[in-house]
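Worksheet: the structure to be examined is printed underneath.
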There are 2 protein chains.
Amino acid sequence: MSQIFSLSPSHPMPLYAQLTRAIRFAIATGRLRVGEQLPTVRQLAVDLRVNANTVAKVYAELERSGILETRRGVGTFVSARHLTPVHREEHEKHLKDVVDRFVEEACAMGFSVDDLLDQLQSRRNKETINV
Amino acid sequence: MSQIFSLSPSHPMPLYAQLTRAIRFAIATGRLRVGEQLPTVRQLAVDLRVNANTVAKVYAELERSGILETRRGVGTFVSARHLTPVHREEHEKHLKDVVDRFVEEACAMGFSVDDLLDQLQSRRNKETINV
DNA sequence: ATACTTGTACTAGTATCGTAGTACAATCCG
DNA sequence: CGGATTGTACTACGATACTAGTACAAGTAT
């Protein structure tokens with residue numbers, strides 16, 4: 001029940017962002033499965049020692065992103081939408097955007113796309129991400 | 001003399017960040033060469049319609065990064081340090097850091113390193129960055 | 001030496017962001 | 001219907017970030 005996620009208030013990354021990432025990651029790695037219910041806004045808020053609104057904002061944002069579904073009086077659940085083709089398409093677009101920003105930033109630092117590729121390649125061998 | 005850089009005050013990216021990126025990029029692409037003098041703090045400030053302090057902060061930061069050198073009463077110049085082995089090493093480390101953040105972010109979105117590689121590969125063919 | 005040009009330090013104001021507090025609305029369950 | 005549980009809307013406070021203003025210090029050149 002407890003210890004689902006963990007936040008670091010001292011970390012420069014804002015709480016809502018930490019939580020968002022944690023939830024996304026939990027879903028991506030299968031620790032939260034489709035249809036599964038997340039803790040209630042208030043419950044998670046006390047667990048994380050955070051205001052309920054902060055949790056609510058995260059849930060709302062993730063619902064807009066289509067990976068959560070919330071029903072008043074019932075709770076918040078992992079949606080199945082993130083497996084549908086349309087969502088896959090959006091997801092691909094997000095990937096493009098992220099890569100865009102990444103490439104731009106790296107080029108501004110004087111790195112070429114090849115440099116990035118090299119770095120990623122060497123990383124690919126070490127960390128095997130299990131999805 | 002003028003039209004060296006251009007900033008967008010309306011853009012969400014803060015002015016100092018835009019300028020930093022622009023200078024780094026100009027150096028990386030060779031539009032600013034080693035030893036070349038940059039506009040004075042005040043001159044660039046009026047050109048960009050920005051406070052002199054904003055420019056000064058950028059110059060100072062870039063000096064800490066070792067890619068600029070400033071001499072009081074004289075001006076600010078492109079340093080040669082960014083070609084030395086030690087700086088190359090730091091630069092490599094920065095690349096690692098950037099890639100780290102990138103991979104982390106992407107994984108939190110449920111992408112694998114391979115997805116990133118694919119995207120980058122397809123990009124590599126389109127944009128040829130000339131260094 | 002003195003005037004001028006350069007970068008720098010300190011301060012302050014403004015906007016934005018992140019979080020919390022409080023009150024409200026929808027749904028469920030008895 | 002009525003109480004309990006859920007998510008939501010609105011407001012406000014605190015902190016941080018960004019930029020500007022002003023005064024200062026270090027160097028150059030005449």
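Residues are referred to by chain and number: the chain letter is A, B, ... according to the order shown in the structure tokens, the number counts from 1 in that chain, and ligands are numbered separately from 1 in the order shown.
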**Request:** Determine, counting only C-alpha atoms (C1' of nucleotides), which protein, DNA and RNA residues have an atom within 9 Å of an atom of Leu48 of chain A; residues of the same chain fewer than 3 positions away are not included. Present the result as an MDAnalysis selection string.
**Result:** chainID A and resid 3 5:7 43:45 51
Save the residues we just selected, N, CA and C atoms, as a short mmCIF file (atom, residue, chain, number, x, y, z; two decimals), in the first residue's frame?
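The resulting result_2.cif:
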data_model
loop_
_atom_site.label_atom_id
_atom_site.label_comp_id
_atom_site.auth_asym_id
_atom_site.auth_seq_id
_atom_site.Cartn_x
_atom_site.Cartn_y
_atom_site.Cartn_z
N GLN A 3 4.85 3.10 0.10
CA GLN A 3 6.12 2.94 -0.60
C GLN A 3 5.95 2.64 -2.08
N PHE A 5 5.68 5.11 -4.52
CA PHE A 5 6.60 6.04 -5.17
C PHE A 5 7.39 6.73 -4.07
N SER A 6 8.44 7.40 -4.46
CA SER A 6 9.17 8.18 -3.47
C SER A 6 9.62 9.48 -4.11
N LEU A 7 9.48 10.56 -3.36
CA LEU A 7 9.84 11.89 -3.85
C LEU A 7 10.93 12.49 -2.98
N GLN A 43 -4.99 9.92 -0.38
CA GLN A 43 -4.15 8.88 0.21
C GLN A 43 -2.69 9.06 -0.21
N LEU A 44 -2.50 9.21 -1.51
CA LEU A 44 -1.14 9.37 -2.02
C LEU A 44 -0.53 10.66 -1.48
N ALA A 45 -1.38 11.66 -1.31
CA ALA A 45 -0.89 12.94 -0.80
C ALA A 45 -0.29 12.78 0.59
N ASN A 51 0.68 18.08 -0.86
CA ASN A 51 -0.70 18.53 -0.92
C ASN A 51 -1.49 17.71 -1.92
#
Produce a table with one row for each residue of chain B that has an atom at most 6 Å from any atom of chain A, each row naming the nearest atom pair and its distance in Å at one decimal; use only C-alpha atoms; arrange rows by chain and rising residue number; format as JSON lines.
{"residue": "B:Arg21", "atom": "CA", "partner": "A:Ala108", "partner_atom": "CA", "distance": 5.5}
{"residue": "B:Arg24", "atom": "CA", "partner": "A:Ala108", "partner_atom": "CA", "distance": 5.9}
{"residue": "B:Phe25", "atom": "CA", "partner": "A:Ala108", "partner_atom": "CA", "distance": 4.6}
{"residue": "B:Ala28", "atom": "CA", "partner": "A:Gly110", "partner_atom": "CA", "distance": 4.7}
{"residue": "B:Ala108", "atom": "CA", "partner": "A:Phe25", "partner_atom": "CA", "distance": 4.5}
{"residue": "B:Met109", "atom": "CA", "partner": "A:Arg24", "partner_atom": "CA", "distance": 6.0}
{"residue": "B:Gly110", "atom": "CA", "partner": "A:Ala28", "partner_atom": "CA", "distance": 4.7}
Could you give me, as a Markdown table, every chain A residue with an atom at most 9 Å from chain C, plus its closest atom pair and distance in Å to one decimal, counting only C-alpha atoms (C1' of nucleotides), rows ordered by chain then number?
| residue | atom | partner | partner_atom | distance |
| --- | --- | --- | --- | --- |
| A:Pro14 | CA | C:DG18 | C1' | 7.1 |
| A:Leu15 | CA | C:DG18 | C1' | 8.3 |
| A:Tyr16 | CA | C:DG18 | C1' | 8.5 |
| A:Val50 | CA | C:DT19 | C1' | 8.4 |
| A:Asn51 | CA | C:DA20 | C1' | 6.0 |
| A:Ala52 | CA | C:DA20 | C1' | 8.6 |
| A:Asn53 | CA | C:DA20 | C1' | 7.9 |
| A:Thr54 | CA | C:DT19 | C1' | 7.1 |
| A:Arg71 | CA | C:DT27 | C1' | 8.0 |
| A:Arg72 | CA | C:DT27 | C1' | 5.6 |
| A:Gly73 | CA | C:DT27 | C1' | 4.4 |
| A:Val74 | CA | C:DT27 | C1' | 7.1 |
Okay, now the selection with N, CA and C atoms, as a JSON list (two decimals), in the first residue's frame?
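To be explicit, this is the file written out as again-v4.json:
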[["chain", "number", "residue", "atom", "x", "y", "z"],
["A", 14, "PRO", "N", 10.71, 19.71, -9.54],
["A", 14, "PRO", "CA", 9.51, 19.91, -8.75],
["A", 14, "PRO", "C", 8.79, 18.60, -8.46],
["A", 15, "LEU", "N", 8.05, 18.60, -7.36],
["A", 15, "LEU", "CA", 7.38, 17.39, -6.90],
["A", 15, "LEU", "C", 6.47, 16.81, -7.97],
["A", 16, "TYR", "N", 5.68, 17.68, -8.59],
["A", 16, "TYR", "CA", 4.71, 17.18, -9.56],
["A", 16, "TYR", "C", 5.44, 16.48, -10.72],
["A", 50, "VAL", "N", 2.53, 15.49, 0.79],
["A", 50, "VAL", "CA", 2.40, 16.48, -0.28],
["A", 50, "VAL", "C", 0.95, 16.91, -0.30],
["A", 51, "ASN", "N", 0.68, 18.08, -0.86],
["A", 51, "ASN", "CA", -0.70, 18.53, -0.92],
["A", 51, "ASN", "C", -1.49, 17.71, -1.92],
["A", 52, "ALA", "N", -2.79, 17.52, -1.58],
["A", 52, "ALA", "CA", -3.63, 16.69, -2.44],
["A", 52, "ALA", "C", -3.71, 17.28, -3.84],
["A", 53, "ASN", "N", -3.67, 18.60, -3.91],
["A", 53, "ASN", "CA", -3.78, 19.24, -5.21],
["A", 53, "ASN", "C", -2.63, 18.89, -6.13],
["A", 54, "THR", "N", -1.48, 18.72, -5.55],
["A", 54, "THR", "CA", -0.32, 18.37, -6.36],
["A", 54, "THR", "C", -0.54, 17.02, -7.03],
["A", 71, "ARG", "N", -12.50, 8.37, -12.51],
["A", 71, "ARG", "CA", -13.96, 8.42, -12.34],
["A", 71, "ARG", "C", -14.25, 8.94, -10.95],
["A", 72, "ARG", "N", -14.99, 10.01, -10.91],
["A", 72, "ARG", "CA", -15.30, 10.64, -9.62],
["A", 72, "ARG", "C", -16.00, 9.66, -8.71],
["A", 73, "GLY", "N", -15.62, 9.73, -7.46],
["A", 73, "GLY", "CA", -16.25, 8.86, -6.47],
["A", 73, "GLY", "C", -15.73, 7.45, -6.51],
["A", 74, "VAL", "N", -14.95, 7.14, -7.52],
["A", 74, "VAL", "CA", -14.43, 5.78, -7.65],
["A", 74, "VAL", "C", -12.92, 5.74, -7.50]]
Least-squares align chain A to chain B using all Cα atoms paired by position, then dump the moved coordinates as a compact mmCIF listing (two decimals) with N, CA and C atoms, in the first residue's frame.
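Output (out02.txt):
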# COMPACT_ATOMS: atom_id res chain seq x y z
N MET A 1 28.69 44.39 -38.08
CA MET A 1 28.72 44.84 -36.68
C MET A 1 27.43 44.45 -35.96
N SER A 2 26.33 44.76 -36.62
CA SER A 2 25.05 44.41 -36.00
C SER A 2 24.57 43.08 -36.56
N GLN A 3 23.44 42.64 -36.08
CA GLN A 3 22.83 41.41 -36.57
C GLN A 3 23.72 40.19 -36.36
N ILE A 4 24.45 40.21 -35.28
CA ILE A 4 25.29 39.06 -35.01
C ILE A 4 24.45 37.93 -34.46
N PHE A 5 23.68 38.27 -33.46
CA PHE A 5 22.79 37.28 -32.87
C PHE A 5 21.39 37.87 -32.90
N SER A 6 20.42 37.04 -32.66
CA SER A 6 19.06 37.56 -32.56
C SER A 6 18.32 36.83 -31.45
N LEU A 7 17.59 37.59 -30.66
CA LEU A 7 16.85 37.02 -29.53
C LEU A 7 15.36 37.27 -29.71
N SER A 8 14.58 36.41 -29.11
CA SER A 8 13.13 36.57 -29.11
C SER A 8 12.63 36.72 -27.69
N PRO A 9 12.35 37.96 -27.28
CA PRO A 9 11.90 38.19 -25.90
C PRO A 9 10.61 37.43 -25.58
N SER A 10 9.83 37.13 -26.61
CA SER A 10 8.56 36.45 -26.36
C SER A 10 8.75 34.95 -26.16
N HIS A 11 9.84 34.44 -26.66
CA HIS A 11 10.11 33.01 -26.53
C HIS A 11 10.22 32.63 -25.05
N PRO A 12 9.69 31.45 -24.69
CA PRO A 12 9.77 31.02 -23.29
C PRO A 12 11.19 30.86 -22.78
N MET A 13 12.11 30.55 -23.66
CA MET A 13 13.50 30.40 -23.22
C MET A 13 14.06 31.76 -22.83
N PRO A 14 14.61 31.86 -21.62
CA PRO A 14 15.11 33.15 -21.14
C PRO A 14 16.19 33.71 -22.05
N LEU A 15 16.30 35.04 -22.03
CA LEU A 15 17.23 35.72 -22.92
C LEU A 15 18.65 35.23 -22.74
N TYR A 16 19.07 35.09 -21.49
CA TYR A 16 20.46 34.70 -21.26
C TYR A 16 20.73 33.32 -21.86
N ALA A 17 19.74 32.44 -21.80
CA ALA A 17 19.93 31.10 -22.35
C ALA A 17 20.00 31.15 -23.87
N GLN A 18 19.15 31.97 -24.46
CA GLN A 18 19.18 32.12 -25.92
C GLN A 18 20.54 32.62 -26.38
N LEU A 19 21.03 33.61 -25.65
CA LEU A 19 22.31 34.19 -26.05
C LEU A 19 23.44 33.19 -25.86
N THR A 20 23.42 32.51 -24.74
CA THR A 20 24.44 31.49 -24.48
C THR A 20 24.48 30.48 -25.62
N ARG A 21 23.30 29.99 -25.96
CA ARG A 21 23.24 28.99 -27.02
C ARG A 21 23.74 29.57 -28.34
N ALA A 22 23.35 30.80 -28.62
CA ALA A 22 23.73 31.42 -29.89
C ALA A 22 25.25 31.53 -29.99
N ILE A 23 25.87 31.95 -28.90
CA ILE A 23 27.32 32.12 -28.92
C ILE A 23 28.01 30.78 -29.07
N ARG A 24 27.56 29.82 -28.27
CA ARG A 24 28.16 28.49 -28.36
C ARG A 24 28.06 27.95 -29.77
N PHE A 25 26.88 28.15 -30.34
CA PHE A 25 26.66 27.63 -31.68
C PHE A 25 27.56 28.32 -32.69
N ALA A 26 27.68 29.66 -32.55
CA ALA A 26 28.51 30.42 -33.48
C ALA A 26 29.95 29.93 -33.43
N ILE A 27 30.41 29.60 -32.22
CA ILE A 27 31.77 29.11 -32.09
C ILE A 27 31.90 27.70 -32.65
N ALA A 28 30.92 26.88 -32.31
CA ALA A 28 30.96 25.49 -32.76
C ALA A 28 30.95 25.39 -34.28
N THR A 29 30.24 26.31 -34.92
CA THR A 29 30.13 26.25 -36.37
C THR A 29 31.18 27.08 -37.07
N GLY A 30 32.04 27.73 -36.28
CA GLY A 30 33.14 28.47 -36.88
C GLY A 30 32.81 29.88 -37.30
N ARG A 31 31.59 30.32 -37.00
CA ARG A 31 31.25 31.69 -37.38
C ARG A 31 31.99 32.68 -36.47
N LEU A 32 32.38 32.19 -35.31
CA LEU A 32 33.28 32.95 -34.45
C LEU A 32 34.53 32.10 -34.28
N ARG A 33 35.67 32.68 -34.64
CA ARG A 33 36.89 31.89 -34.60
C ARG A 33 37.72 32.21 -33.37
N VAL A 34 38.62 31.32 -33.06
CA VAL A 34 39.48 31.48 -31.89
C VAL A 34 40.24 32.79 -31.97
N GLY A 35 40.22 33.55 -30.89
CA GLY A 35 40.93 34.81 -30.82
C GLY A 35 40.08 35.99 -31.22
N GLU A 36 39.02 35.73 -31.89
CA GLU A 36 38.14 36.80 -32.35
C GLU A 36 37.49 37.51 -31.16
N GLN A 37 37.29 38.82 -31.33
CA GLN A 37 36.69 39.60 -30.25
C GLN A 37 35.18 39.66 -30.40
N LEU A 38 34.50 39.47 -29.29
CA LEU A 38 33.05 39.62 -29.30
C LEU A 38 32.70 41.08 -29.05
N PRO A 39 31.47 41.47 -29.36
CA PRO A 39 31.06 42.84 -29.07
C PRO A 39 31.20 43.11 -27.57
N THR A 40 31.38 44.35 -27.21
CA THR A 40 31.46 44.67 -25.79
C THR A 40 30.11 44.41 -25.14
N VAL A 41 30.17 44.24 -23.84
CA VAL A 41 28.96 43.98 -23.07
C VAL A 41 27.88 45.01 -23.38
N ARG A 42 28.27 46.29 -23.32
CA ARG A 42 27.28 47.35 -23.51
C ARG A 42 26.79 47.41 -24.96
N GLN A 43 27.72 47.23 -25.88
CA GLN A 43 27.35 47.31 -27.29
C GLN A 43 26.33 46.24 -27.64
N LEU A 44 26.64 45.01 -27.24
CA LEU A 44 25.73 43.91 -27.54
C LEU A 44 24.40 44.12 -26.83
N ALA A 45 24.48 44.71 -25.65
CA ALA A 45 23.25 44.95 -24.89
C ALA A 45 22.31 45.87 -25.65
N VAL A 46 22.84 46.95 -26.22
CA VAL A 46 21.95 47.87 -26.95
C VAL A 46 21.50 47.22 -28.26
N ASP A 47 22.39 46.48 -28.89
CA ASP A 47 22.00 45.80 -30.13
C ASP A 47 20.82 44.87 -29.90
N LEU A 48 20.90 44.13 -28.81
CA LEU A 48 19.86 43.14 -28.54
C LEU A 48 18.72 43.72 -27.72
N ARG A 49 18.85 45.00 -27.38
CA ARG A 49 17.84 45.66 -26.54
C ARG A 49 17.63 44.88 -25.25
N VAL A 50 18.72 44.74 -24.55
CA VAL A 50 18.77 43.91 -23.36
C VAL A 50 19.66 44.61 -22.37
N ASN A 51 19.51 44.29 -21.10
CA ASN A 51 20.36 44.93 -20.10
C ASN A 51 21.79 44.42 -20.21
N ALA A 52 22.73 45.34 -19.92
CA ALA A 52 24.14 44.97 -20.04
C ALA A 52 24.49 43.81 -19.13
N ASN A 53 23.82 43.77 -17.99
CA ASN A 53 24.12 42.71 -17.04
C ASN A 53 23.79 41.33 -17.58
N THR A 54 22.76 41.27 -18.37
CA THR A 54 22.38 39.99 -18.95
C THR A 54 23.50 39.47 -19.84
N VAL A 55 24.02 40.36 -20.65
CA VAL A 55 25.13 39.97 -21.52
C VAL A 55 26.35 39.59 -20.68
N ALA A 56 26.60 40.39 -19.66
CA ALA A 56 27.77 40.15 -18.83
C ALA A 56 27.69 38.78 -18.17
N LYS A 57 26.50 38.43 -17.70
CA LYS A 57 26.32 37.13 -17.05
C LYS A 57 26.66 36.00 -18.04
N VAL A 58 26.20 36.17 -19.25
CA VAL A 58 26.45 35.14 -20.27
C VAL A 58 27.95 35.03 -20.54
N TYR A 59 28.59 36.16 -20.73
CA TYR A 59 30.03 36.14 -20.97
C TYR A 59 30.76 35.47 -19.81
N ALA A 60 30.34 35.82 -18.59
CA ALA A 60 31.00 35.25 -17.41
C ALA A 60 30.82 33.74 -17.36
N GLU A 61 29.61 33.31 -17.64
CA GLU A 61 29.34 31.88 -17.60
C GLU A 61 30.17 31.15 -18.65
N LEU A 62 30.24 31.74 -19.83
CA LEU A 62 30.99 31.09 -20.90
C LEU A 62 32.49 31.12 -20.60
N GLU A 63 32.90 32.11 -19.81
CA GLU A 63 34.30 32.12 -19.42
C GLU A 63 34.58 30.99 -18.44
N ARG A 64 33.65 30.81 -17.49
CA ARG A 64 33.80 29.69 -16.55
C ARG A 64 33.83 28.37 -17.31
N SER A 65 33.09 28.31 -18.41
CA SER A 65 33.08 27.08 -19.20
C SER A 65 34.34 26.95 -20.04
N GLY A 66 35.12 28.02 -20.08
CA GLY A 66 36.41 27.93 -20.74
C GLY A 66 36.39 28.20 -22.23
N ILE A 67 35.29 28.70 -22.75
CA ILE A 67 35.27 28.94 -24.18
C ILE A 67 35.39 30.42 -24.51
N LEU A 68 35.41 31.27 -23.48
CA LEU A 68 35.66 32.69 -23.69
C LEU A 68 36.75 33.15 -22.73
N GLU A 69 37.35 34.27 -23.08
CA GLU A 69 38.33 34.88 -22.20
C GLU A 69 38.08 36.37 -22.18
N THR A 70 38.05 36.96 -21.02
CA THR A 70 37.77 38.39 -20.97
C THR A 70 38.91 39.12 -20.26
N ARG A 71 39.20 40.29 -20.79
CA ARG A 71 40.22 41.14 -20.18
C ARG A 71 39.61 42.52 -19.98
N ARG A 72 39.62 42.94 -18.75
CA ARG A 72 39.02 44.24 -18.41
C ARG A 72 39.67 45.35 -19.21
N GLY A 73 38.83 46.25 -19.64
CA GLY A 73 39.33 47.40 -20.39
C GLY A 73 39.66 47.07 -21.82
N VAL A 74 39.63 45.80 -22.15
CA VAL A 74 39.97 45.39 -23.51
C VAL A 74 38.77 44.78 -24.23
N GLY A 75 38.28 43.71 -23.66
CA GLY A 75 37.14 43.07 -24.32
C GLY A 75 37.07 41.59 -24.02
N THR A 76 36.20 40.93 -24.75
CA THR A 76 35.98 39.49 -24.55
C THR A 76 36.30 38.77 -25.85
N PHE A 77 37.01 37.66 -25.73
CA PHE A 77 37.50 36.97 -26.92
C PHE A 77 37.20 35.48 -26.85
N VAL A 78 37.19 34.87 -27.99
CA VAL A 78 37.02 33.42 -28.06
C VAL A 78 38.32 32.77 -27.63
N SER A 79 38.23 31.93 -26.64
CA SER A 79 39.42 31.30 -26.08
C SER A 79 39.87 30.12 -26.94
N ALA A 80 41.13 29.78 -26.75
CA ALA A 80 41.64 28.61 -27.46
C ALA A 80 41.53 27.37 -26.60
N ARG A 81 41.15 27.58 -25.33
CA ARG A 81 41.14 26.48 -24.37
C ARG A 81 40.20 25.36 -24.78
N HIS A 82 39.16 25.73 -25.52
CA HIS A 82 38.18 24.69 -25.82
C HIS A 82 38.69 23.71 -26.87
N LEU A 83 39.94 23.89 -27.25
CA LEU A 83 40.54 22.93 -28.17
C LEU A 83 41.55 22.04 -27.47
N THR A 84 41.91 22.42 -26.23
CA THR A 84 42.90 21.64 -25.49
C THR A 84 42.33 20.31 -25.04
N PRO A 85 43.22 19.33 -24.79
CA PRO A 85 42.77 17.99 -24.38
C PRO A 85 41.92 18.00 -23.11
N VAL A 86 42.34 18.79 -22.11
CA VAL A 86 41.59 18.79 -20.85
C VAL A 86 40.16 19.25 -21.09
N HIS A 87 40.04 20.29 -21.94
CA HIS A 87 38.70 20.78 -22.19
C HIS A 87 37.89 19.78 -22.99
N ARG A 88 38.56 19.12 -23.88
CA ARG A 88 37.88 18.07 -24.65
C ARG A 88 37.30 17.02 -23.71
N GLU A 89 38.07 16.74 -22.66
CA GLU A 89 37.63 15.75 -21.68
C GLU A 89 36.37 16.23 -20.97
N GLU A 90 36.43 17.47 -20.49
CA GLU A 90 35.25 18.05 -19.85
C GLU A 90 34.06 18.01 -20.79
N HIS A 91 34.34 18.36 -22.01
CA HIS A 91 33.29 18.40 -23.01
C HIS A 91 32.63 17.03 -23.14
N GLU A 92 33.47 16.01 -23.18
CA GLU A 92 32.96 14.64 -23.26
C GLU A 92 32.06 14.33 -22.08
N LYS A 93 32.49 14.81 -20.92
CA LYS A 93 31.72 14.56 -19.71
C LYS A 93 30.36 15.24 -19.82
N HIS A 94 30.37 16.45 -20.35
CA HIS A 94 29.10 17.15 -20.53
C HIS A 94 28.19 16.37 -21.45
N LEU A 95 28.79 15.85 -22.50
CA LEU A 95 27.99 15.05 -23.43
C LEU A 95 27.35 13.88 -22.70
N LYS A 96 28.14 13.22 -21.86
CA LYS A 96 27.60 12.11 -21.08
C LYS A 96 26.42 12.58 -20.24
N ASP A 97 26.59 13.72 -19.58
CA ASP A 97 25.53 14.23 -18.71
C ASP A 97 24.26 14.50 -19.51
N VAL A 98 24.43 15.17 -20.62
CA VAL A 98 23.27 15.49 -21.44
C VAL A 98 22.56 14.22 -21.89
N VAL A 99 23.34 13.27 -22.33
CA VAL A 99 22.75 12.01 -22.78
C VAL A 99 22.06 11.30 -21.62
N ASP A 100 22.66 11.39 -20.44
CA ASP A 100 22.04 10.79 -19.26
C ASP A 100 20.65 11.35 -19.04
N ARG A 101 20.58 12.66 -18.97
CA ARG A 101 19.28 13.31 -18.73
C ARG A 101 18.30 12.91 -19.82
N PHE A 102 18.81 12.87 -21.01
CA PHE A 102 17.97 12.55 -22.16
C PHE A 102 17.40 11.15 -22.04
N VAL A 103 18.25 10.21 -21.76
CA VAL A 103 17.81 8.82 -21.66
C VAL A 103 16.81 8.66 -20.53
N GLU A 104 17.12 9.31 -19.42
CA GLU A 104 16.23 9.22 -18.26
C GLU A 104 14.84 9.72 -18.63
N GLU A 105 14.83 10.88 -19.22
CA GLU A 105 13.56 11.50 -19.60
C GLU A 105 12.78 10.60 -20.56
N ALA A 106 13.49 10.09 -21.54
CA ALA A 106 12.83 9.26 -22.55
C ALA A 106 12.29 7.98 -21.93
N CYS A 107 13.07 7.39 -21.02
CA CYS A 107 12.62 6.16 -20.37
C CYS A 107 11.38 6.44 -19.53
N ALA A 108 11.37 7.60 -18.88
CA ALA A 108 10.19 7.95 -18.08
C ALA A 108 8.97 8.07 -18.97
N MET A 109 9.18 8.31 -20.24
CA MET A 109 8.05 8.40 -21.17
C MET A 109 7.77 7.04 -21.80
N GLY A 110 8.54 6.08 -21.43
CA GLY A 110 8.27 4.74 -21.90
C GLY A 110 9.02 4.37 -23.17
N PHE A 111 9.99 5.19 -23.54
CA PHE A 111 10.77 4.86 -24.73
C PHE A 111 12.02 4.09 -24.33
N SER A 112 12.43 3.23 -25.19
CA SER A 112 13.67 2.50 -24.95
C SER A 112 14.82 3.23 -25.62
N VAL A 113 16.02 2.84 -25.25
CA VAL A 113 17.19 3.46 -25.86
C VAL A 113 17.19 3.19 -27.37
N ASP A 114 16.69 2.05 -27.73
CA ASP A 114 16.64 1.71 -29.15
C ASP A 114 15.74 2.66 -29.92
N ASP A 115 14.62 3.03 -29.31
CA ASP A 115 13.74 4.00 -29.96
C ASP A 115 14.51 5.28 -30.26
N LEU A 116 15.28 5.73 -29.27
CA LEU A 116 16.05 6.94 -29.45
C LEU A 116 17.05 6.77 -30.58
N LEU A 117 17.70 5.64 -30.58
CA LEU A 117 18.69 5.39 -31.62
C LEU A 117 18.05 5.44 -33.00
N ASP A 118 16.89 4.82 -33.12
CA ASP A 118 16.20 4.83 -34.41
C ASP A 118 15.93 6.26 -34.87
N GLN A 119 15.35 7.02 -33.97
CA GLN A 119 15.03 8.41 -34.30
C GLN A 119 16.27 9.18 -34.73
N LEU A 120 17.33 9.01 -33.97
CA LEU A 120 18.56 9.73 -34.27
C LEU A 120 19.13 9.30 -35.62
N GLN A 121 19.06 8.02 -35.87
CA GLN A 121 19.58 7.49 -37.14
C GLN A 121 18.89 8.16 -38.31
N SER A 122 17.56 8.19 -38.25
CA SER A 122 16.82 8.78 -39.37
C SER A 122 17.15 10.26 -39.50
N ARG A 123 17.46 10.88 -38.38
CA ARG A 123 17.81 12.29 -38.42
C ARG A 123 19.18 12.51 -39.03
N ARG A 124 20.03 11.56 -38.76
CA ARG A 124 21.43 11.68 -39.20
C ARG A 124 21.51 11.82 -40.71
N ASN A 125 20.58 11.19 -41.39
CA ASN A 125 20.62 11.21 -42.84
C ASN A 125 20.15 12.55 -43.40
N LYS A 126 19.18 13.15 -42.71
CA LYS A 126 18.65 14.42 -43.21
C LYS A 126 19.59 15.59 -42.94
N GLU A 127 19.77 15.88 -41.65
CA GLU A 127 20.57 17.05 -41.29
C GLU A 127 22.04 16.68 -41.22
N THR A 128 22.79 17.26 -42.09
CA THR A 128 24.22 17.07 -42.01
C THR A 128 24.81 18.30 -41.35
N ILE A 129 25.28 18.13 -40.15
CA ILE A 129 25.82 19.25 -39.41
C ILE A 129 27.25 19.52 -39.87
N ASN A 130 27.50 20.71 -40.35
CA ASN A 130 28.86 21.03 -40.79
C ASN A 130 29.63 21.68 -39.66
N VAL A 131 30.66 21.02 -39.23
CA VAL A 131 31.49 21.58 -38.18
C VAL A 131 32.82 21.98 -38.81
At a cut-off of 7 Å, can you tabulate as JSON lines every residue of chain D near chain B together with its closest atom pair and the distance in Å to one decimal, using only C-alpha atoms (C1' of nucleotides) and ordering rows by chain then number?
{"residue": "D:DA20", "atom": "C1'", "partner": "B:Asn51", "partner_atom": "CA", "distance": 6.0}
{"residue": "D:DA26", "atom": "C1'", "partner": "B:Arg72", "partner_atom": "CA", "distance": 6.0}
{"residue": "D:DG27", "atom": "C1'", "partner": "B:Gly73", "partner_atom": "CA", "distance": 4.6}
{"residue": "D:DT28", "atom": "C1'", "partner": "B:Gly73", "partner_atom": "CA", "distance": 6.2}
**Prompt:** So which bits of segment 25-104 of chain A end up strand (DSSP E or B) when you DSSP the backbone, as a ChimeraX atom specification?
**Reply:** /A:37-38,68-71,75-78
